[in-house]
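Encoded as structure tokens, the structure appears first; notes follow it.
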Amino acid sequence: MAVEIRLPTVLRQHAGGQASIKANGATLGEALQDLTRQFPLLKDQVITEDGTLHKFVNVYKNDEDVRYLDKLDTKVDDGDTISILPAVAGG
Amino acid sequence: MLRIGEHGYEEMVAHALDGLPNEACGLLAGLPGQGKAHVVYRCRNAAESSRVYTVDPLDHLKADRDAEAKGMQIIGVYHSHTHTDAYPSPTDVAQAPDPNWHYVIVSLKDPEPVLRSFRIVDGKITEEPVVLERT
């Protein structure tokens with residue numbers, strides 16, 4: 001499955017300045033693996049050492065937050081858009 | 001320097017007041033590299049707290065998409081401090097997501113709201129001038 005992964009501005013520097021990247025996989029985890037294979041510097045920004053989604057990013061499949069789907073096991077289909085955005089919080 | 005249209009400035013202050021007793025938060029969009037907030041997006045504070053804020057993730061996604069459709073990008077975030085000065089808290093610094101963003105704080109501590117803007121790079125806070133423009 002080929003999906004489009006949209007990157008926030010802060011991460012584009014790790015992907016040659018590109019705003020969106022094509023990646024392949026049947027699940028979100030596989031697509032992100034393909035993304036970080038293409039751009040290894042993105043790995044630490046998105047996935048933790050434990051292999052889970054970093055809490056400082058929010059990831060969406062189309063309009064849905066993947067934390068409320070199956071997280072990294074979320075199935076993806078051809079043409080899906082995966083959006084990565086920084087979690088924005090403070091005090 | 002952060003340039004804001006008068007309407008955007010008023011919108012942030014109004015949102016800060018509307019959000020009471022909780023902190024209010026939202027995002028700013030502008031054309032890349034111009035340092036001007038053209039659009040103010042009110043977002044829900046998912047933390048629903050008077051002490052902390054979390055920009056509702058879906059509101060962020062909607063704002064990001066809308067900005068992109070306008071040829072803009074998210075260039076900053078604003079939030080209110082209900083009882084403290086308009087200065088970044090340690091939590092604001094620790095969680096600042098992007099060194100290129102403008103960090104606007106509206107303080108409601110005094111009777112007259114105070115709006116200030118900061119850059120936060122590698123944990124270092126630098127205040128920047130806020131310039132109001134007619135449009």
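FYI, nothing fancy with the structure tokens labels: chains A, B, ... in order, residues from 1 per chain, ligands from 1 as they appear.
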Nearby residues (only C-alpha atoms) at most 6 Å from Ser20 of chain A, same-chain spacing under 3 positions excluded, as a PDB file with N, CA and C atoms, in the first residue's frame:
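Saved to result.pdb:
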```pdb
ATOM      1  N   ILE A   5       2.814  10.534   3.560  1.00  0.00           N
ATOM      2  CA  ILE A   5       3.056  10.938   4.946  1.00  0.00           C
ATOM      3  C   ILE A   5       3.403  12.417   4.956  1.00  0.00           C
ATOM      4  N   ARG A   6       2.583  13.200   5.641  1.00  0.00           N
ATOM      5  CA  ARG A   6       2.796  14.653   5.709  1.00  0.00           C
ATOM      6  C   ARG A   6       3.584  14.995   6.973  1.00  0.00           C
ATOM      7  N   LEU A   7       4.640  15.774   6.791  1.00  0.00           N
ATOM      8  CA  LEU A   7       5.524  16.106   7.905  1.00  0.00           C
ATOM      9  C   LEU A   7       5.292  17.540   8.376  1.00  0.00           C
TER      10      LEU A   7
END
```
Would you list which chain A residues are within 6 Å of chain B using only C-alpha atoms, as number ranges by chain?
A: 10, 88-91
If you run DSSP over the backbone, which residues in chain A end up strand (DSSP E or B)? Put them as a PDB file with C-alpha atoms, in the first residue's frame.
```pdb
ATOM      1  CA  ALA A   2       1.339   3.433  -0.895  1.00  0.00           C
ATOM      2  CA  VAL A   3       0.465   6.254   1.476  1.00  0.00           C
ATOM      3  CA  GLU A   4       1.421   9.895   1.685  1.00  0.00           C
ATOM      4  CA  ILE A   5       3.056  10.938   4.946  1.00  0.00           C
ATOM      5  CA  ARG A   6       2.796  14.653   5.709  1.00  0.00           C
ATOM      6  CA  SER A  20       5.295  15.013   2.190  1.00  0.00           C
ATOM      7  CA  ILE A  21       6.842  11.643   1.504  1.00  0.00           C
ATOM      8  CA  LYS A  22       5.454   8.553  -0.179  1.00  0.00           C
ATOM      9  CA  ALA A  23       5.840   5.392   1.850  1.00  0.00           C
ATOM     10  CA  ASN A  24       4.739   1.781   1.582  1.00  0.00           C
ATOM     11  CA  THR A  27       0.051  -0.823   8.568  1.00  0.00           C
ATOM     12  CA  ILE A  47       9.250   6.331  17.274  1.00  0.00           C
ATOM     13  CA  LEU A  53       4.796   6.298  18.933  1.00  0.00           C
ATOM     14  CA  VAL A  57       3.852  13.798  18.134  1.00  0.00           C
ATOM     15  CA  ASN A  58       0.262  13.192  17.125  1.00  0.00           C
ATOM     16  CA  VAL A  59      -0.310  10.974  14.122  1.00  0.00           C
ATOM     17  CA  TYR A  60      -3.482  10.854  12.059  1.00  0.00           C
ATOM     18  CA  LYS A  61      -4.765   8.509   9.389  1.00  0.00           C
ATOM     19  CA  GLU A  64      -8.483  10.093  12.743  1.00  0.00           C
ATOM     20  CA  ASP A  65      -5.984  10.151  15.572  1.00  0.00           C
ATOM     21  CA  LYS A  75      -4.240  -0.682   8.769  1.00  0.00           C
ATOM     22  CA  THR A  81      -2.840  10.416   4.077  1.00  0.00           C
ATOM     23  CA  ILE A  82      -0.837  10.079   7.265  1.00  0.00           C
ATOM     24  CA  SER A  83      -0.258  13.398   9.033  1.00  0.00           C
ATOM     25  CA  ILE A  84       2.366  13.871  11.715  1.00  0.00           C
ATOM     26  CA  LEU A  85       2.042  16.991  13.862  1.00  0.00           C
ATOM     27  CA  PRO A  86       3.867  18.054  16.997  1.00  0.00           C
ATOM     28  CA  ALA A  89       1.160  21.922  25.099  1.00  0.00           C
ATOM     29  CA  GLY A  90       2.466  24.004  27.939  1.00  0.00           C
TER      30      GLY A  90
END
```
Taking the DSSP assignment computed from this structure's backbone, write out as a ChimeraX atom specification all residues of chain A that belong to alpha helix (DSSP H).
/A:9-12,28-38,43-46
Write the residues you've just listed into a file as a tab-separated table (two decimals), in the first residue's frame, and include N, CA, C and O atoms for each of them.
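Okay, this is what ended up in part.tsv:
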```tsv
chain	number	residue	atom	x	y	z
A	9	THR	N	6.56	21.23	9.77
A	9	THR	CA	7.72	22.01	9.34
A	9	THR	C	8.98	21.65	10.14
A	9	THR	O	10.06	21.58	9.57
A	10	VAL	N	8.80	21.40	11.44
A	10	VAL	CA	9.97	21.16	12.29
A	10	VAL	C	10.71	19.88	11.90
A	10	VAL	O	11.90	19.75	12.16
A	11	LEU	N	10.04	18.95	11.25
A	11	LEU	CA	10.70	17.69	10.88
A	11	LEU	C	11.20	17.66	9.43
A	11	LEU	O	11.92	16.75	9.04
A	12	ARG	N	10.81	18.67	8.65
A	12	ARG	CA	11.16	18.62	7.22
A	12	ARG	C	12.67	18.69	6.99
A	12	ARG	O	13.17	18.18	6.00
A	28	LEU	N	0.33	1.29	9.69
A	28	LEU	CA	1.01	2.55	9.98
A	28	LEU	C	2.47	2.28	10.37
A	28	LEU	O	3.37	2.98	9.91
A	29	GLY	N	2.67	1.25	11.20
A	29	GLY	CA	4.03	0.94	11.64
A	29	GLY	C	4.95	0.64	10.47
A	29	GLY	O	6.09	1.12	10.42
A	30	GLU	N	4.44	-0.13	9.50
A	30	GLU	CA	5.26	-0.47	8.33
A	30	GLU	C	5.55	0.77	7.48
A	30	GLU	O	6.65	0.94	6.98
A	31	ALA	N	4.52	1.62	7.34
A	31	ALA	CA	4.72	2.84	6.55
A	31	ALA	C	5.76	3.75	7.22
A	31	ALA	O	6.60	4.34	6.54
A	32	LEU	N	5.69	3.85	8.55
A	32	LEU	CA	6.67	4.69	9.26
A	32	LEU	C	8.06	4.08	9.18
A	32	LEU	O	9.06	4.80	9.12
A	33	GLN	N	8.12	2.75	9.17
A	33	GLN	CA	9.41	2.08	9.01
A	33	GLN	C	10.02	2.43	7.65
A	33	GLN	O	11.21	2.70	7.53
A	34	ASP	N	9.15	2.42	6.64
A	34	ASP	CA	9.62	2.76	5.29
A	34	ASP	C	10.07	4.23	5.26
A	34	ASP	O	11.09	4.56	4.65
A	35	LEU	N	9.33	5.08	5.95
A	35	LEU	CA	9.71	6.50	6.01
A	35	LEU	C	11.09	6.66	6.66
A	35	LEU	O	11.95	7.39	6.14
A	36	THR	N	11.31	5.98	7.79
A	36	THR	CA	12.57	6.18	8.50
A	36	THR	C	13.72	5.43	7.82
A	36	THR	O	14.88	5.75	8.05
A	37	ARG	N	13.38	4.46	6.97
A	37	ARG	CA	14.42	3.84	6.15
A	37	ARG	C	14.92	4.86	5.12
A	37	ARG	O	16.10	4.99	4.87
A	38	GLN	N	13.96	5.63	4.57
A	38	GLN	CA	14.34	6.66	3.59
A	38	GLN	C	15.05	7.83	4.25
A	38	GLN	O	15.95	8.44	3.69
A	43	LYS	N	13.77	8.94	12.61
A	43	LYS	CA	13.38	7.82	13.46
A	43	LYS	C	13.16	8.24	14.92
A	43	LYS	O	12.11	8.01	15.50
A	44	ASP	N	14.17	8.90	15.50
A	44	ASP	CA	14.08	9.27	16.91
A	44	ASP	C	12.98	10.30	17.17
A	44	ASP	O	12.58	10.52	18.30
A	45	GLN	N	12.54	10.96	16.11
A	45	GLN	CA	11.54	12.02	16.29
A	45	GLN	C	10.12	11.46	16.33
A	45	GLN	O	9.21	12.13	16.79
A	46	VAL	N	9.96	10.26	15.82
A	46	VAL	CA	8.60	9.73	15.68
A	46	VAL	C	8.37	8.48	16.53
A	46	VAL	O	7.32	8.30	17.13
```
Of the candidates B:Leu2, B:Ala86, B:Val106, B:Ala63, which one gets nearest to Val39 of chain B if we count only C-alpha atoms?
B:Ala63
Shortest interatomic distance to Ala87 of chain A - which of A:Lys71, A:Thr48, A:Lys55, A:Ala15, counting only C-alpha atoms
A:Lys55
Residues near Gly8 of chain B, anyone? I mean within 10 Å using only C-alpha atoms, not counting same-chain ones fewer than 4 positions away, as a PyMOL selection string.
chain B and resi 3-4+12-14+28+37-41+132-133+135
Let me see the file: selected residues, all heavy atoms, as an mmCIF file, in the first residue's frame.
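Full text of again_21.cif as output:
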```cif
data_model
loop_
_atom_site.group_PDB
_atom_site.id
_atom_site.type_symbol
_atom_site.label_atom_id
_atom_site.label_comp_id
_atom_site.auth_asym_id
_atom_site.auth_seq_id
_atom_site.Cartn_x
_atom_site.Cartn_y
_atom_site.Cartn_z
ATOM 1 N N ARG B 3 4.551 40.216 13.586
ATOM 2 C CA ARG B 3 3.573 41.192 13.127
ATOM 3 C C ARG B 3 2.189 40.548 13.161
ATOM 4 O O ARG B 3 2.028 39.382 12.789
ATOM 5 C CB ARG B 3 3.920 41.649 11.701
ATOM 6 C CG ARG B 3 5.275 42.375 11.658
ATOM 7 C CD ARG B 3 5.595 42.898 10.277
ATOM 8 N NE ARG B 3 5.828 41.823 9.326
ATOM 9 C CZ ARG B 3 5.231 41.736 8.129
ATOM 10 N NH1 ARG B 3 4.379 42.645 7.732
ATOM 11 N NH2 ARG B 3 5.510 40.724 7.331
ATOM 12 N N ILE B 4 1.227 41.292 13.658
ATOM 13 C CA ILE B 4 -0.143 40.776 13.762
ATOM 14 C C ILE B 4 -1.101 41.858 13.270
ATOM 15 O O ILE B 4 -0.930 43.035 13.599
ATOM 16 C CB ILE B 4 -0.552 40.471 15.226
ATOM 17 C CG1 ILE B 4 0.534 39.726 15.992
ATOM 18 C CG2 ILE B 4 -1.843 39.652 15.277
ATOM 19 C CD1 ILE B 4 0.207 39.520 17.457
ATOM 20 N N MET B 12 -7.093 37.041 19.793
ATOM 21 C CA MET B 12 -6.368 36.284 20.836
ATOM 22 C C MET B 12 -6.774 36.748 22.238
ATOM 23 O O MET B 12 -6.977 35.932 23.140
ATOM 24 C CB MET B 12 -4.856 36.439 20.639
ATOM 25 C CG MET B 12 -4.328 35.606 19.488
ATOM 26 S SD MET B 12 -2.523 35.626 19.404
ATOM 27 C CE MET B 12 -2.260 37.015 18.327
ATOM 28 N N VAL B 13 -6.884 38.058 22.413
ATOM 29 C CA VAL B 13 -7.280 38.577 23.728
ATOM 30 C C VAL B 13 -8.709 38.146 24.063
ATOM 31 O O VAL B 13 -9.010 37.703 25.181
ATOM 32 C CB VAL B 13 -7.131 40.114 23.772
ATOM 33 C CG1 VAL B 13 -7.719 40.680 25.058
ATOM 34 C CG2 VAL B 13 -5.658 40.506 23.647
ATOM 35 N N ALA B 14 -9.596 38.232 23.049
ATOM 36 C CA ALA B 14 -10.994 37.836 23.277
ATOM 37 C C ALA B 14 -11.078 36.355 23.639
ATOM 38 O O ALA B 14 -11.826 35.953 24.533
ATOM 39 C CB ALA B 14 -11.829 38.126 22.025
ATOM 40 N N LEU B 28 -1.304 30.081 15.182
ATOM 41 C CA LEU B 28 -1.133 31.218 14.281
ATOM 42 C C LEU B 28 -0.608 30.714 12.949
ATOM 43 O O LEU B 28 0.300 29.875 12.922
ATOM 44 C CB LEU B 28 -0.120 32.205 14.862
ATOM 45 C CG LEU B 28 -0.418 32.691 16.285
ATOM 46 C CD1 LEU B 28 0.745 33.535 16.794
ATOM 47 C CD2 LEU B 28 -1.708 33.490 16.299
ATOM 48 N N ALA B 37 1.519 36.902 11.576
ATOM 49 C CA ALA B 37 0.376 36.026 11.837
ATOM 50 C C ALA B 37 -0.823 36.573 11.067
ATOM 51 O O ALA B 37 -1.400 37.582 11.443
ATOM 52 C CB ALA B 37 0.082 35.970 13.325
ATOM 53 N N HIS B 38 -1.167 35.906 9.964
ATOM 54 C CA HIS B 38 -2.300 36.347 9.155
ATOM 55 C C HIS B 38 -3.606 35.769 9.665
ATOM 56 O O HIS B 38 -4.658 36.370 9.508
ATOM 57 C CB HIS B 38 -2.109 35.893 7.695
ATOM 58 C CG HIS B 38 -1.150 36.741 6.929
ATOM 59 N ND1 HIS B 38 -1.514 37.919 6.335
ATOM 60 C CD2 HIS B 38 0.173 36.581 6.678
ATOM 61 C CE1 HIS B 38 -0.463 38.455 5.733
ATOM 62 N NE2 HIS B 38 0.567 37.658 5.937
ATOM 63 N N VAL B 39 -3.539 34.564 10.206
ATOM 64 C CA VAL B 39 -4.758 33.881 10.646
ATOM 65 C C VAL B 39 -4.568 33.385 12.073
ATOM 66 O O VAL B 39 -3.507 32.861 12.421
ATOM 67 C CB VAL B 39 -5.085 32.670 9.729
ATOM 68 C CG1 VAL B 39 -6.436 32.063 10.103
ATOM 69 C CG2 VAL B 39 -5.084 33.083 8.258
ATOM 70 N N VAL B 40 -5.599 33.581 12.884
ATOM 71 C CA VAL B 40 -5.610 33.072 14.260
ATOM 72 C C VAL B 40 -6.644 31.949 14.327
ATOM 73 O O VAL B 40 -7.802 32.150 13.978
ATOM 74 C CB VAL B 40 -6.001 34.205 15.244
ATOM 75 C CG1 VAL B 40 -6.213 33.642 16.648
ATOM 76 C CG2 VAL B 40 -4.929 35.287 15.252
ATOM 77 N N TYR B 41 -6.212 30.772 14.725
ATOM 78 C CA TYR B 41 -7.129 29.640 14.870
ATOM 79 C C TYR B 41 -7.374 29.373 16.349
ATOM 80 O O TYR B 41 -6.442 28.999 17.068
ATOM 81 C CB TYR B 41 -6.523 28.367 14.262
ATOM 82 C CG TYR B 41 -6.333 28.425 12.765
ATOM 83 C CD1 TYR B 41 -5.078 28.650 12.213
ATOM 84 C CD2 TYR B 41 -7.411 28.237 11.904
ATOM 85 C CE1 TYR B 41 -4.898 28.693 10.844
ATOM 86 C CE2 TYR B 41 -7.232 28.280 10.529
ATOM 87 C CZ TYR B 41 -5.981 28.505 10.006
ATOM 88 O OH TYR B 41 -5.814 28.543 8.652
ATOM 89 N N LEU B 132 1.672 45.736 15.719
ATOM 90 C CA LEU B 132 0.289 45.660 15.245
ATOM 91 C C LEU B 132 0.171 46.363 13.901
ATOM 92 O O LEU B 132 0.686 47.464 13.722
ATOM 93 C CB LEU B 132 -0.647 46.341 16.233
ATOM 94 C CG LEU B 132 -0.876 45.608 17.544
ATOM 95 C CD1 LEU B 132 -1.974 46.301 18.326
ATOM 96 C CD2 LEU B 132 -1.256 44.167 17.292
ATOM 97 N N GLU B 133 -0.516 45.695 12.983
ATOM 98 C CA GLU B 133 -0.725 46.295 11.670
ATOM 99 C C GLU B 133 -2.218 46.383 11.404
ATOM 100 O O GLU B 133 -3.005 45.626 11.956
ATOM 101 C CB GLU B 133 -0.014 45.446 10.600
ATOM 102 C CG GLU B 133 1.490 45.389 10.854
ATOM 103 C CD GLU B 133 2.247 44.662 9.754
ATOM 104 O OE1 GLU B 133 1.617 43.995 8.927
ATOM 105 O OE2 GLU B 133 3.489 44.788 9.749
ATOM 106 N N THR B 135 -3.972 45.646 8.761
ATOM 107 C CA THR B 135 -4.613 44.517 8.075
ATOM 108 C C THR B 135 -3.872 43.239 8.359
ATOM 109 O O THR B 135 -2.712 43.261 8.727
ATOM 110 C CB THR B 135 -4.645 44.732 6.555
ATOM 111 O OG1 THR B 135 -3.315 44.956 6.110
ATOM 112 C CG2 THR B 135 -5.517 45.893 6.189
#
```
As a PyMOL selection string, please: the residues near Lys109 of chain B (cut-off 8 Å, only C-alpha atoms, same-chain neighbours under 5 positions excluded).
chain B and resi 81-85
Could those selected residues go to a file with all heavy atoms, as a JSON list (two decimals), in the first residue's frame?
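Written out: again_29.json:
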```json
[["chain", "number", "residue", "atom", "x", "y", "z"],
["B", 81, "HIS", "N", -2.30, 32.95, 30.19],
["B", 81, "HIS", "CA", -1.96, 32.70, 31.59],
["B", 81, "HIS", "C", -3.02, 33.42, 32.41],
["B", 81, "HIS", "O", -3.15, 34.64, 32.30],
["B", 81, "HIS", "CB", -0.56, 33.25, 31.92],
["B", 81, "HIS", "CG", 0.56, 32.37, 31.45],
["B", 81, "HIS", "ND1", 1.89, 32.70, 31.58],
["B", 81, "HIS", "CD2", 0.54, 31.13, 30.88],
["B", 81, "HIS", "CE1", 2.64, 31.73, 31.09],
["B", 81, "HIS", "NE2", 1.85, 30.77, 30.64],
["B", 82, "THR", "N", -3.76, 32.66, 33.19],
["B", 82, "THR", "CA", -4.89, 33.28, 33.87],
["B", 82, "THR", "C", -4.47, 34.09, 35.09],
["B", 82, "THR", "O", -5.12, 35.08, 35.41],
["B", 82, "THR", "CB", -5.93, 32.21, 34.28],
["B", 82, "THR", "OG1", -5.28, 31.25, 35.11],
["B", 82, "THR", "CG2", -6.50, 31.51, 33.05],
["B", 83, "HIS", "N", -3.40, 33.68, 35.75],
["B", 83, "HIS", "CA", -3.02, 34.35, 37.00],
["B", 83, "HIS", "C", -1.54, 34.70, 37.09],
["B", 83, "HIS", "O", -1.06, 35.07, 38.16],
["B", 83, "HIS", "CB", -3.39, 33.50, 38.22],
["B", 83, "HIS", "CG", -4.87, 33.35, 38.39],
["B", 83, "HIS", "ND1", -5.58, 32.29, 37.87],
["B", 83, "HIS", "CD2", -5.78, 34.15, 38.98],
["B", 83, "HIS", "CE1", -6.86, 32.44, 38.16],
["B", 83, "HIS", "NE2", -7.01, 33.56, 38.83],
["B", 84, "THR", "N", -0.81, 34.51, 36.00],
["B", 84, "THR", "CA", 0.62, 34.79, 36.06],
["B", 84, "THR", "C", 1.01, 35.71, 34.90],
["B", 84, "THR", "O", 0.21, 35.96, 34.00],
["B", 84, "THR", "CB", 1.47, 33.49, 35.99],
["B", 84, "THR", "OG1", 1.09, 32.78, 34.82],
["B", 84, "THR", "CG2", 1.24, 32.63, 37.22],
["B", 85, "ASP", "N", 2.26, 36.17, 34.94],
["B", 85, "ASP", "CA", 2.74, 37.11, 33.93],
["B", 85, "ASP", "C", 2.76, 36.48, 32.54],
["B", 85, "ASP", "O", 2.79, 35.26, 32.40],
["B", 85, "ASP", "CB", 4.16, 37.56, 34.27],
["B", 85, "ASP", "CG", 4.17, 38.53, 35.44],
["B", 85, "ASP", "OD1", 3.18, 39.27, 35.59],
["B", 85, "ASP", "OD2", 5.16, 38.54, 36.19]]
```
Rounded to one decimal in Å, what is the spacing between atom CA of Gly123 of chain B and atom CA of Tyr103 of chain B?
12.7 Å
